[in-house]
>>> print(open('work11.json').read())   # JSON, C-alpha atoms
[["chain", "number", "residue", "atom", "x", "y", "z"],
["A", 221, "MET", "CA", 131.16, 123.92, 148.88],
["A", 222, "LYS", "CA", 128.81, 126.92, 148.80],
["A", 223, "PHE", "CA", 129.28, 127.25, 145.03],
["A", 224, "THR", "CA", 128.47, 123.57, 144.54],
["A", 225, "SER", "CA", 125.26, 123.88, 146.54],
["A", 226, "LEU", "CA", 124.12, 126.90, 144.53],
["A", 227, "ALA", "CA", 124.85, 125.12, 141.26],
["A", 228, "ALA", "CA", 122.86, 122.12, 142.37],
["A", 229, "ILE", "CA", 119.89, 124.32, 143.33],
["A", 230, "ALA", "CA", 120.03, 126.11, 139.97],
["A", 231, "LEU", "CA", 120.12, 122.82, 138.06],
["A", 232, "ALA", "CA", 117.15, 121.52, 140.03],
["A", 233, "LEU", "CA", 115.15, 124.67, 139.27],
["A", 234, "LEU", "CA", 116.04, 124.39, 135.57],
["A", 235, "LEU", "CA", 114.91, 120.76, 135.35],
["A", 236, "SER", "CA", 111.70, 121.63, 137.21],
["A", 237, "ALA", "CA", 110.98, 124.41, 134.75],
["A", 238, "CYS", "CA", 111.58, 122.08, 131.76],
["A", 239, "ALA", "CA", 109.26, 119.47, 133.23],
["A", 240, "SER", "CA", 106.48, 122.04, 133.64],
["A", 241, "VAL", "CA", 106.52, 123.10, 129.96],
["A", 242, "PRO", "CA", 103.23, 121.84, 128.44],
["A", 243, "PRO", "CA", 103.44, 119.51, 125.42],
["A", 244, "PRO", "CA", 102.73, 121.04, 122.02],
["A", 245, "PRO", "CA", 99.03, 121.09, 121.11],
["A", 246, "THR", "CA", 97.80, 118.21, 118.96],
["A", 247, "SER", "CA", 94.81, 120.16, 117.67],
["A", 248, "ALA", "CA", 93.77, 123.76, 117.10],
["A", 249, "PRO", "CA", 93.24, 125.95, 120.15],
["A", 250, "GLY", "CA", 89.83, 125.37, 121.67],
["A", 251, "VAL", "CA", 89.31, 122.05, 119.81],
["A", 252, "ARG", "CA", 89.21, 119.00, 122.06],
["A", 253, "ALA", "CA", 91.75, 116.27, 121.18],
["A", 254, "PRO", "CA", 90.48, 112.65, 121.26],
["A", 255, "GLN", "CA", 91.39, 110.50, 124.27],
["A", 256, "ILE", "CA", 92.55, 107.26, 122.60],
["A", 257, "ASP", "CA", 93.23, 104.12, 124.59],
["A", 258, "ARG", "CA", 95.29, 101.59, 122.61],
["A", 259, "SER", "CA", 95.17, 98.80, 125.20],
["A", 260, "TYR", "CA", 93.08, 96.47, 123.02],
["A", 261, "THR", "CA", 93.62, 95.00, 119.55],
["A", 262, "SER", "CA", 91.04, 93.19, 117.43],
["A", 263, "GLN", "CA", 91.87, 89.80, 115.97],
["A", 264, "ASN", "CA", 89.59, 90.56, 112.99],
["A", 265, "GLN", "CA", 91.93, 92.34, 110.61],
["A", 266, "ASP", "CA", 94.46, 91.88, 107.84],
["A", 267, "SER", "CA", 96.80, 93.98, 105.75],
["A", 268, "ARG", "CA", 95.46, 96.61, 103.37],
["A", 269, "SER", "CA", 98.03, 95.26, 100.88],
["A", 270, "LEU", "CA", 96.15, 92.38, 99.26],
["A", 271, "PHE", "CA", 98.07, 92.26, 95.97],
["A", 272, "ILE", "CA", 101.61, 92.53, 94.65],
["A", 273, "VAL", "CA", 101.73, 93.89, 91.09],
["A", 274, "LEU", "CA", 104.86, 93.58, 88.92],
["A", 275, "HIS", "CA", 105.70, 96.03, 86.13],
["A", 276, "TYR", "CA", 108.54, 96.91, 83.79],
["A", 277, "THR", "CA", 109.54, 100.54, 83.29],
["A", 278, "VAL", "CA", 110.32, 100.68, 79.52],
["A", 279, "LEU", "CA", 113.10, 103.09, 80.52],
["A", 280, "ASP", "CA", 116.70, 102.93, 81.69],
["A", 281, "TRP", "CA", 117.62, 103.34, 85.36],
["A", 282, "GLU", "CA", 118.08, 107.13, 85.42],
["A", 283, "LYS", "CA", 114.87, 107.87, 83.51],
["A", 284, "SER", "CA", 112.90, 105.28, 85.52],
["A", 285, "LEU", "CA", 113.96, 106.90, 88.79],
["A", 286, "LYS", "CA", 113.12, 110.39, 87.53],
["A", 287, "VAL", "CA", 109.65, 109.45, 86.28],
["A", 288, "LEU", "CA", 108.76, 107.56, 89.45],
["A", 289, "THR", "CA", 109.96, 110.21, 91.88],
["A", 290, "THR", "CA", 109.07, 113.53, 90.23],
["A", 291, "GLY", "CA", 105.92, 115.09, 88.79],
["A", 292, "GLY", "CA", 105.05, 112.42, 86.26],
["A", 293, "GLN", "CA", 101.84, 111.35, 88.06],
["A", 294, "VAL", "CA", 103.13, 107.77, 88.35],
["A", 295, "SER", "CA", 104.89, 106.02, 91.21],
["A", 296, "SER", "CA", 105.53, 102.62, 92.75],
["A", 297, "HIS", "CA", 106.46, 101.34, 96.15],
["A", 298, "TYR", "CA", 109.68, 99.79, 94.86],
["A", 299, "LEU", "CA", 112.00, 100.13, 91.89],
["A", 300, "VAL", "CA", 114.35, 97.23, 91.12],
["A", 301, "ARG", "CA", 117.46, 98.35, 89.27],
["A", 302, "ASP", "CA", 119.09, 96.17, 86.62],
["A", 303, "ASN", "CA", 122.79, 96.86, 87.24],
["A", 304, "PRO", "CA", 123.53, 96.62, 90.07],
["A", 305, "ALA", "CA", 120.46, 94.62, 91.12],
["A", 306, "ILE", "CA", 119.19, 96.68, 94.05],
["A", 307, "SER", "CA", 115.65, 97.45, 95.28],
["A", 308, "TYR", "CA", 114.84, 101.09, 96.02],
["A", 309, "ALA", "CA", 111.90, 101.94, 98.30],
["A", 310, "LEU", "CA", 110.12, 104.97, 96.80],
["A", 311, "VAL", "CA", 106.71, 104.99, 98.51],
["A", 312, "ASP", "CA", 105.97, 103.79, 102.03],
["A", 313, "GLU", "CA", 103.96, 100.55, 101.97],
["A", 314, "ASN", "CA", 101.31, 102.18, 104.16],
["A", 315, "ARG", "CA", 100.63, 104.76, 101.46],
["A", 316, "ARG", "CA", 99.07, 104.39, 98.02],
["A", 317, "ALA", "CA", 101.35, 104.45, 95.00],
["A", 318, "TRP", "CA", 100.06, 105.31, 91.53],
["A", 319, "HIS", "CA", 101.06, 102.28, 89.50],
["A", 320, "ALA", "CA", 98.01, 100.17, 88.57],
["A", 321, "GLY", "CA", 95.65, 102.66, 86.94],
["A", 322, "ALA", "CA", 92.32, 101.33, 85.71],
["A", 323, "SER", "CA", 92.54, 97.71, 86.83],
["A", 324, "PHE", "CA", 90.58, 94.59, 87.78],
["A", 325, "TRP", "CA", 91.38, 91.21, 89.29],
["A", 326, "ALA", "CA", 88.93, 88.65, 90.66],
["A", 327, "GLY", "CA", 86.24, 91.12, 91.63],
["A", 328, "HIS", "CA", 88.59, 93.87, 92.82],
["A", 329, "ASN", "CA", 88.73, 97.19, 90.97],
["A", 330, "ASN", "CA", 91.27, 100.03, 91.04],
["A", 331, "LEU", "CA", 94.06, 98.05, 92.68],
["A", 332, "ASN", "CA", 96.15, 101.10, 93.61],
["A", 333, "ALA", "CA", 94.29, 101.19, 96.91],
["A", 334, "SER", "CA", 95.00, 97.55, 97.80],
["A", 335, "SER", "CA", 98.33, 96.65, 96.24],
["A", 336, "ILE", "CA", 102.08, 97.08, 96.47],
["A", 337, "GLY", "CA", 103.65, 97.97, 93.13],
["A", 338, "ILE", "CA", 107.09, 96.85, 92.01],
["A", 339, "GLU", "CA", 108.62, 98.49, 88.94],
["A", 340, "ILE", "CA", 111.49, 96.57, 87.29],
["A", 341, "VAL", "CA", 114.00, 98.49, 85.16],
["A", 342, "ASN", "CA", 113.64, 96.96, 81.71],
["A", 343, "ALA", "CA", 113.50, 98.32, 78.16],
["A", 344, "GLY", "CA", 110.18, 96.61, 77.40],
["A", 345, "TYR", "CA", 109.86, 95.89, 73.69],
["A", 346, "VAL", "CA", 110.56, 97.23, 70.22],
["A", 347, "ASP", "CA", 108.57, 96.53, 67.07],
["A", 348, "GLY", "CA", 110.74, 95.66, 64.09],
["A", 349, "PRO", "CA", 110.50, 93.98, 60.70],
["A", 350, "GLY", "CA", 110.51, 90.57, 62.35],
["A", 351, "GLY", "CA", 107.81, 91.48, 64.86],
["A", 352, "ARG", "CA", 107.85, 92.53, 68.48],
["A", 353, "VAL", "CA", 111.02, 91.82, 70.45],
["A", 354, "TYR", "CA", 111.04, 91.96, 74.27],
["A", 355, "ALA", "CA", 114.12, 92.82, 76.30],
["A", 356, "PRO", "CA", 115.62, 90.18, 78.60],
["A", 357, "PHE", "CA", 115.93, 90.42, 82.39],
["A", 358, "PRO", "CA", 119.36, 89.83, 84.00],
["A", 359, "GLN", "CA", 119.27, 86.84, 86.35],
["A", 360, "ALA", "CA", 120.67, 88.92, 89.21],
["A", 361, "GLN", "CA", 117.73, 91.29, 88.82],
["A", 362, "ILE", "CA", 115.24, 88.40, 88.86],
["A", 363, "ASP", "CA", 116.90, 87.04, 92.01],
["A", 364, "GLU", "CA", 116.41, 90.44, 93.64],
["A", 365, "VAL", "CA", 112.76, 90.59, 92.54],
["A", 366, "ILE", "CA", 112.12, 87.14, 94.02],
["A", 367, "ALA", "CA", 113.74, 88.16, 97.32],
["A", 368, "LEU", "CA", 111.71, 91.37, 97.44],
["A", 369, "VAL", "CA", 108.41, 89.65, 96.60],
["A", 370, "ARG", "CA", 109.07, 86.98, 99.22],
["A", 371, "ASP", "CA", 109.73, 89.63, 101.86],
["A", 372, "ILE", "CA", 106.54, 91.57, 101.02],
["A", 373, "GLN", "CA", 104.41, 88.43, 100.77],
["A", 374, "LYS", "CA", 105.57, 87.20, 104.16],
["A", 375, "ARG", "CA", 104.97, 90.51, 105.94],
["A", 376, "HIS", "CA", 101.54, 91.13, 104.43],
["A", 377, "ASN", "CA", 100.44, 87.50, 104.03],
["A", 378, "VAL", "CA", 99.65, 88.06, 100.35],
["A", 379, "ARG", "CA", 98.01, 85.01, 98.81],
["A", 380, "PRO", "CA", 99.99, 83.35, 95.99],
["A", 381, "GLU", "CA", 97.25, 83.92, 93.40],
["A", 382, "ARG", "CA", 97.40, 87.64, 94.17],
["A", 383, "ILE", "CA", 100.98, 88.08, 92.97],
["A", 384, "ILE", "CA", 100.28, 89.26, 89.44],
["A", 385, "GLY", "CA", 101.52, 91.32, 86.52],
["A", 386, "HIS", "CA", 100.28, 94.65, 85.26],
["A", 387, "ALA", "CA", 99.08, 92.88, 82.12],
["A", 388, "ASP", "CA", 96.89, 90.57, 84.21],
["A", 389, "ILE", "CA", 94.92, 93.47, 85.67],
["A", 390, "ALA", "CA", 94.80, 95.50, 82.44],
["A", 391, "PRO", "CA", 94.96, 93.04, 79.50],
["A", 392, "GLY", "CA", 95.52, 94.63, 76.11],
["A", 393, "ARG", "CA", 96.19, 98.04, 77.63],
["A", 394, "LYS", "CA", 99.36, 96.81, 79.34],
["A", 395, "GLN", "CA", 101.90, 94.07, 78.51],
["A", 396, "ASP", "CA", 104.30, 94.27, 81.44],
["A", 397, "PRO", "CA", 106.27, 92.57, 82.76],
["A", 398, "GLY", "CA", 106.07, 90.81, 79.36],
["A", 399, "PRO", "CA", 106.71, 87.27, 78.10],
["A", 400, "ASN", "CA", 110.41, 87.34, 79.01],
["A", 401, "PHE", "CA", 109.66, 87.73, 82.69],
["A", 402, "PRO", "CA", 110.28, 84.25, 84.20],
["A", 403, "TRP", "CA", 107.11, 83.63, 86.20],
["A", 404, "ARG", "CA", 108.14, 79.98, 86.38],
["A", 405, "GLN", "CA", 111.04, 80.98, 88.64],
["A", 406, "LEU", "CA", 108.61, 82.63, 91.06],
["A", 407, "ALA", "CA", 106.62, 79.38, 91.05],
["A", 408, "GLU", "CA", 109.75, 77.35, 91.76],
["A", 409, "ALA", "CA", 110.48, 79.72, 94.65],
["A", 410, "GLY", "CA", 107.07, 78.87, 96.13],
["A", 411, "LEU", "CA", 105.64, 82.36, 95.56],
["A", 412, "ILE", "CA", 102.90, 81.69, 93.00],
["A", 413, "PRO", "CA", 100.86, 78.62, 91.97],
["A", 414, "TRP", "CA", 101.66, 76.81, 88.71],
["A", 415, "PRO", "CA", 99.59, 74.42, 86.55],
["A", 416, "ASP", "CA", 100.26, 70.76, 87.29],
["A", 417, "GLY", "CA", 102.23, 69.37, 84.32],
["A", 418, "PRO", "CA", 100.65, 65.89, 84.08],
["A", 419, "SER", "CA", 97.17, 67.39, 84.35],
["A", 420, "VAL", "CA", 97.94, 69.79, 81.51],
["A", 421, "MET", "CA", 99.12, 66.93, 79.29],
["A", 422, "VAL", "CA", 95.92, 64.95, 79.88],
["A", 423, "LYS", "CA", 93.69, 67.95, 79.30],
["A", 424, "ALA", "CA", 95.56, 68.91, 76.11],
["A", 425, "LEU", "CA", 94.73, 65.51, 74.61],
["A", 426, "GLU", "CA", 91.08, 66.03, 75.53],
["A", 427, "HIS", "CA", 91.01, 69.45, 73.90],
["A", 428, "GLU", "CA", 92.63, 68.07, 70.74],
["A", 429, "VAL", "CA", 89.72, 65.65, 70.40],
["A", 430, "ALA", "CA", 86.92, 67.90, 71.61],
["A", 431, "PRO", "CA", 87.66, 71.65, 71.55],
["A", 432, "ARG", "CA", 85.45, 73.80, 73.80],
["A", 433, "ASP", "CA", 83.49, 76.84, 72.67],
["A", 434, "VAL", "CA", 84.31, 80.46, 73.44],
["A", 435, "ALA", "CA", 81.70, 80.75, 76.20],
["A", 436, "TRP", "CA", 83.49, 77.93, 78.07],
["A", 437, "LEU", "CA", 86.81, 79.72, 77.58],
["A", 438, "GLN", "CA", 85.47, 83.04, 78.88],
["A", 439, "GLU", "CA", 83.96, 81.40, 81.95],
["A", 440, "LYS", "CA", 87.28, 79.75, 82.84],
["A", 441, "LEU", "CA", 89.28, 82.93, 82.33],
["A", 442, "ALA", "CA", 86.85, 84.84, 84.55],
["A", 443, "ARG", "CA", 87.20, 82.17, 87.23],
["A", 444, "ILE", "CA", 90.99, 82.65, 87.18],
["A", 445, "GLY", "CA", 90.47, 86.36, 87.85],
["A", 446, "TYR", "CA", 90.59, 88.14, 84.49],
["A", 447, "ASN", "CA", 88.21, 90.88, 83.42],
["A", 448, "VAL", "CA", 86.98, 89.14, 80.29],
["A", 449, "SER", "CA", 84.02, 89.53, 77.95],
["A", 450, "ARG", "CA", 81.07, 87.13, 78.27],
["A", 451, "SER", "CA", 79.96, 87.63, 74.68],
["A", 452, "GLY", "CA", 80.41, 84.02, 73.59],
["A", 453, "GLN", "CA", 82.46, 85.39, 70.70],
["A", 454, "MET", "CA", 86.23, 85.55, 70.23],
["A", 455, "ASP", "CA", 86.22, 89.33, 70.51],
["A", 456, "THR", "CA", 89.22, 91.64, 70.91],
["A", 457, "LEU", "CA", 89.17, 91.64, 74.72],
["A", 458, "THR", "CA", 88.99, 87.85, 74.93],
["A", 459, "ARG", "CA", 91.93, 87.47, 72.55],
["A", 460, "GLU", "CA", 93.92, 90.01, 74.58],
["A", 461, "VAL", "CA", 93.18, 88.13, 77.80],
["A", 462, "VAL", "CA", 94.28, 84.86, 76.22],
["A", 463, "ALA", "CA", 97.52, 86.48, 75.01],
["A", 464, "THR", "CA", 98.12, 87.84, 78.52],
["A", 465, "PHE", "CA", 97.57, 84.39, 80.00],
["A", 466, "GLN", "CA", 100.02, 82.91, 77.47],
["A", 467, "MET", "CA", 102.67, 85.51, 78.41],
["A", 468, "LYS", "CA", 102.76, 84.02, 81.89],
["A", 469, "TYR", "CA", 102.23, 80.29, 81.37],
["A", 470, "ARG", "CA", 103.23, 79.59, 77.73],
["A", 471, "PRO", "CA", 105.37, 82.54, 76.54],
["A", 472, "ARG", "CA", 106.80, 80.92, 73.40],
["A", 473, "ASP", "CA", 103.53, 81.75, 71.56],
["A", 474, "ILE", "CA", 101.52, 84.76, 72.74],
["A", 475, "SER", "CA", 99.36, 85.23, 69.67],
["A", 476, "GLY", "CA", 96.09, 84.90, 71.60],
["A", 477, "THR", "CA", 95.12, 81.87, 69.53],
["A", 478, "VAL", "CA", 93.55, 79.14, 71.66],
["A", 479, "ASP", "CA", 95.27, 75.87, 70.79],
["A", 480, "ALA", "CA", 94.83, 72.65, 72.77],
["A", 481, "GLU", "CA", 97.76, 73.40, 75.08],
["A", 482, "THR", "CA", 96.47, 76.88, 75.92],
["A", 483, "ALA", "CA", 92.97, 75.55, 76.59],
["A", 484, "ALA", "CA", 94.43, 72.86, 78.85],
["A", 485, "LEU", "CA", 96.49, 75.37, 80.80],
["A", 486, "ILE", "CA", 93.44, 77.60, 81.23],
["A", 487, "GLU", "CA", 91.30, 74.70, 82.43],
["A", 488, "VAL", "CA", 93.90, 73.56, 84.95],
["A", 489, "ALA", "CA", 94.48, 77.12, 86.19],
["A", 490, "ALA", "CA", 90.73, 77.49, 86.76],
["A", 491, "THR", "CA", 90.22, 74.10, 88.47],
["A", 492, "PRO", "CA", 90.40, 74.08, 92.30],
["A", 493, "GLY", "CA", 93.34, 71.99, 93.46],
["A", 494, "ALA", "CA", 94.86, 71.53, 89.99],
["A", 495, "MET", "CA", 97.40, 74.30, 90.50],
["A", 496, "ARG", "CA", 100.43, 73.47, 92.64],
["A", 497, "VAL", "CA", 102.78, 75.44, 94.86],
["A", 498, "ALA", "CA", 106.40, 74.49, 95.50],
["A", 499, "GLY", "CA", 107.22, 73.36, 99.03],
["A", 500, "ALA", "CA", 110.28, 73.86, 101.22],
["A", 501, "THR", "CA", 112.00, 70.70, 99.92],
["A", 502, "GLU", "CA", 113.43, 70.81, 96.38],
["A", 503, "GLY", "CA", 111.04, 69.16, 93.94],
["A", 504, "GLU", "CA", 108.19, 69.07, 96.47],
["A", 505, "THR", "CA", 104.85, 70.58, 95.44],
["A", 506, "ARG", "CA", 101.41, 70.62, 96.96],
["A", 507, "PRO", "CA", 97.94, 71.26, 95.51],
["A", 508, "TYR", "CA", 96.78, 74.84, 95.75],
["A", 509, "THR", "CA", 93.27, 76.24, 95.60],
["A", 510, "SER", "CA", 92.63, 79.94, 95.18],
["A", 511, "ARG", "CA", 90.57, 81.46, 98.00],
["A", 512, "TRP", "CA", 88.70, 84.30, 96.35]]
>>> encode(input="work11.json", output="structure tokens")
Amino acid sequence: MKFTSLAAIALALLLSACASVPPPPTSAPGVRAPQIDRSYTSQNQDSRSLFIVLHYTVLDWEKSLKVLTTGGQVSSHYLVRDNPAISYALVDENRRAWHAGASFWAGHNNLNASSIGIEIVNAGYVDGPGGRVYAPFPQAQIDEVIALVRDIQKRHNVRPERIIGHADIAPGRKQDPGPNFPWRQLAEAGLIPWPDGPSVMVKALEHEVAPRDVAWLQEKLARIGYNVSRSGQMDTLTREVVATFQMKYRPRDISGTVDAETAALIEVAATPGAMRVAGATEGETRPYTSRW
């Protein structure tokens, strides 16, 4: 009984001593730490992640992982493997990844600071005697990309028109994720807006009869969000922007030549309410207006 009492007293003294140990300093000795009260939260805020930018790696899985995780001065928040189709988180979403480089979209510059980057393992393209050939994407990998984009969009409330490709924010300099990337599947999943088909058909007939000038074209492309020349001439940058637009919405011909169908697609994409977003029910769509 005496032993038990002594043990209990010793344990009490030990716990008292532990409780009296001061917490580790949060600042240098002699420097006052801030007294922060977190009782209140403002309603006037949103996520720092305004954009989701999709890329392809132009490398196989092992090389893609090495480049994005070592000293190559390039990184992304996620890397989506091809086989098996798995997403790897490489940079915390609250930190800036180095994936966009010099970039512009709808008035926003240097998108590294305001975007989440997704790199997709894909060989990119090769130039051969028959022209440029782009590598395909396995469907399982596309399914994983769609699931990942949906998850990010929901958590950060990213607007549909702000889910874009690297080529969109750096036309001519970048081509990824390329014309084989099935943007239409992202539209069918309700993630991005898509030009209304009947409206495109009507506008294509109008452009066949009365083609617009280059100044009109540049104004519409700028309204969509592209960093395009306002020269009134079909200069190199304008042609590159047109080719980039075609990669997404009309990938069978990405020459940068403005035919009636391309002009119609551009007009519809630039017209408020003419784009549509898929709803929860299969086949259901609703008008969508960008909110720049």
>>> closest_residue(input="work11.json", among="A:Pro397, A:Gly327, A:Gly392, A:Pro358", to="Gly445 of chain A", atoms="all atoms listed in the file")
A:Gly327
>>> residues_around(input="work11.json", residues="Glu313 of chain A", least_positions_apart="5", cutoff="10 Å", atoms="all atoms listed in the file", output="NGL selection string")
:A and (268-269 or 296-298 or 335-337 or 372)
>>> atom_distance(input="work11.json", atom1="atom CA of Ala305 of chain A", atom2="atom CA of Arg370 of chain A")
15.9 Å
>>> closest_residue(input="work11.json", among="A:Pro471, A:Gly291, A:Gly410, A:Gly499", to="Glu381 of chain A", atoms="only C-alpha atoms")
A:Gly410
>>> atom_distance(input="work11.json", atom1="atom CA of Val346 of chain A", atom2="atom CA of Arg382 of chain A")
29.0 Å
>>> residues_around(input="work11.json", residues="Asp479 of chain A", least_positions_apart="2", cutoff="12 Å", atoms="only C-alpha atoms", output="number ranges by chain")
A: 423-433, 437, 462-463, 466, 470, 473-477, 481-486
>>> atom_distance(input="work11.json", atom1="atom CA of Gly417 of chain A", atom2="atom CA of Pro402 of chain A")
16.9 Å
>>> residues_near_point(input="work11.json", point="(109.5, 104.3, 83.8)", cutoff="9 Å", atoms="all atoms listed in the file", output="list of chain:residue names")
A:Tyr276, A:Thr277, A:Val278, A:Leu279, A:Asp280, A:Trp281, A:Lys283, A:Ser284, A:Leu285, A:Lys286, A:Val287, A:Leu288, A:Val294, A:Ser295, A:Glu339, A:Ile340, A:Val341, A:Asn342
>>> residues_near_point(input="work11.json", point="(96.2, 90.3, 84.6)", cutoff="8 Å", atoms="only C-alpha atoms", output="PyMOL selection string")
chain A and resi 324-325+384-391+445-446+461+464-465
>>> closest_residue(input="work11.json", among="A:Ala333, A:Ile256, A:Ile366, A:Ala322", to="Phe401 of chain A", atoms="all atoms listed in the file")
A:Ile366
>>> residues_around(input="work11.json", residues="Asp416 of chain A", least_positions_apart="2", cutoff="12 Å", atoms="all atoms listed in the file", output="PDB file with C-alpha atoms, in the coordinates of the input")
ATOM      1  CA  ALA A 407     106.620  79.380  91.050  1.00  0.00           C
ATOM      2  CA  PRO A 413     100.860  78.620  91.970  1.00  0.00           C
ATOM      3  CA  TRP A 414     101.660  76.810  88.710  1.00  0.00           C
ATOM      4  CA  PRO A 418     100.650  65.890  84.080  1.00  0.00           C
ATOM      5  CA  SER A 419      97.170  67.390  84.350  1.00  0.00           C
ATOM      6  CA  VAL A 420      97.940  69.790  81.510  1.00  0.00           C
ATOM      7  CA  MET A 421      99.120  66.930  79.290  1.00  0.00           C
ATOM      8  CA  VAL A 422      95.920  64.950  79.880  1.00  0.00           C
ATOM      9  CA  LYS A 423      93.690  67.950  79.300  1.00  0.00           C
ATOM     10  CA  TYR A 469     102.230  80.290  81.370  1.00  0.00           C
ATOM     11  CA  ALA A 484      94.430  72.860  78.850  1.00  0.00           C
ATOM     12  CA  LEU A 485      96.490  75.370  80.800  1.00  0.00           C
ATOM     13  CA  ILE A 486      93.440  77.600  81.230  1.00  0.00           C
ATOM     14  CA  GLU A 487      91.300  74.700  82.430  1.00  0.00           C
ATOM     15  CA  VAL A 488      93.900  73.560  84.950  1.00  0.00           C
ATOM     16  CA  ALA A 489      94.480  77.120  86.190  1.00  0.00           C
ATOM     17  CA  ALA A 490      90.730  77.490  86.760  1.00  0.00           C
ATOM     18  CA  THR A 491      90.220  74.100  88.470  1.00  0.00           C
ATOM     19  CA  PRO A 492      90.400  74.080  92.300  1.00  0.00           C
ATOM     20  CA  GLY A 493      93.340  71.990  93.460  1.00  0.00           C
ATOM     21  CA  ALA A 494      94.860  71.530  89.990  1.00  0.00           C
ATOM     22  CA  MET A 495      97.400  74.300  90.500  1.00  0.00           C
ATOM     23  CA  ARG A 496     100.430  73.470  92.640  1.00  0.00           C
ATOM     24  CA  VAL A 497     102.780  75.440  94.860  1.00  0.00           C
ATOM     25  CA  ALA A 498     106.400  74.490  95.500  1.00  0.00           C
ATOM     26  CA  THR A 505     104.850  70.580  95.440  1.00  0.00           C
ATOM     27  CA  ARG A 506     101.410  70.620  96.960  1.00  0.00           C
ATOM     28  CA  PRO A 507      97.940  71.260  95.510  1.00  0.00           C
ATOM     29  CA  TYR A 508      96.780  74.840  95.750  1.00  0.00           C
TER      30      TYR A 508
END
>>> closest_residue(input="work11.json", among="A:Ala317, A:Gly398, A:Ile444, A:Ala360", to="Leu331 of chain A", atoms="only C-alpha atoms")
A:Ala317
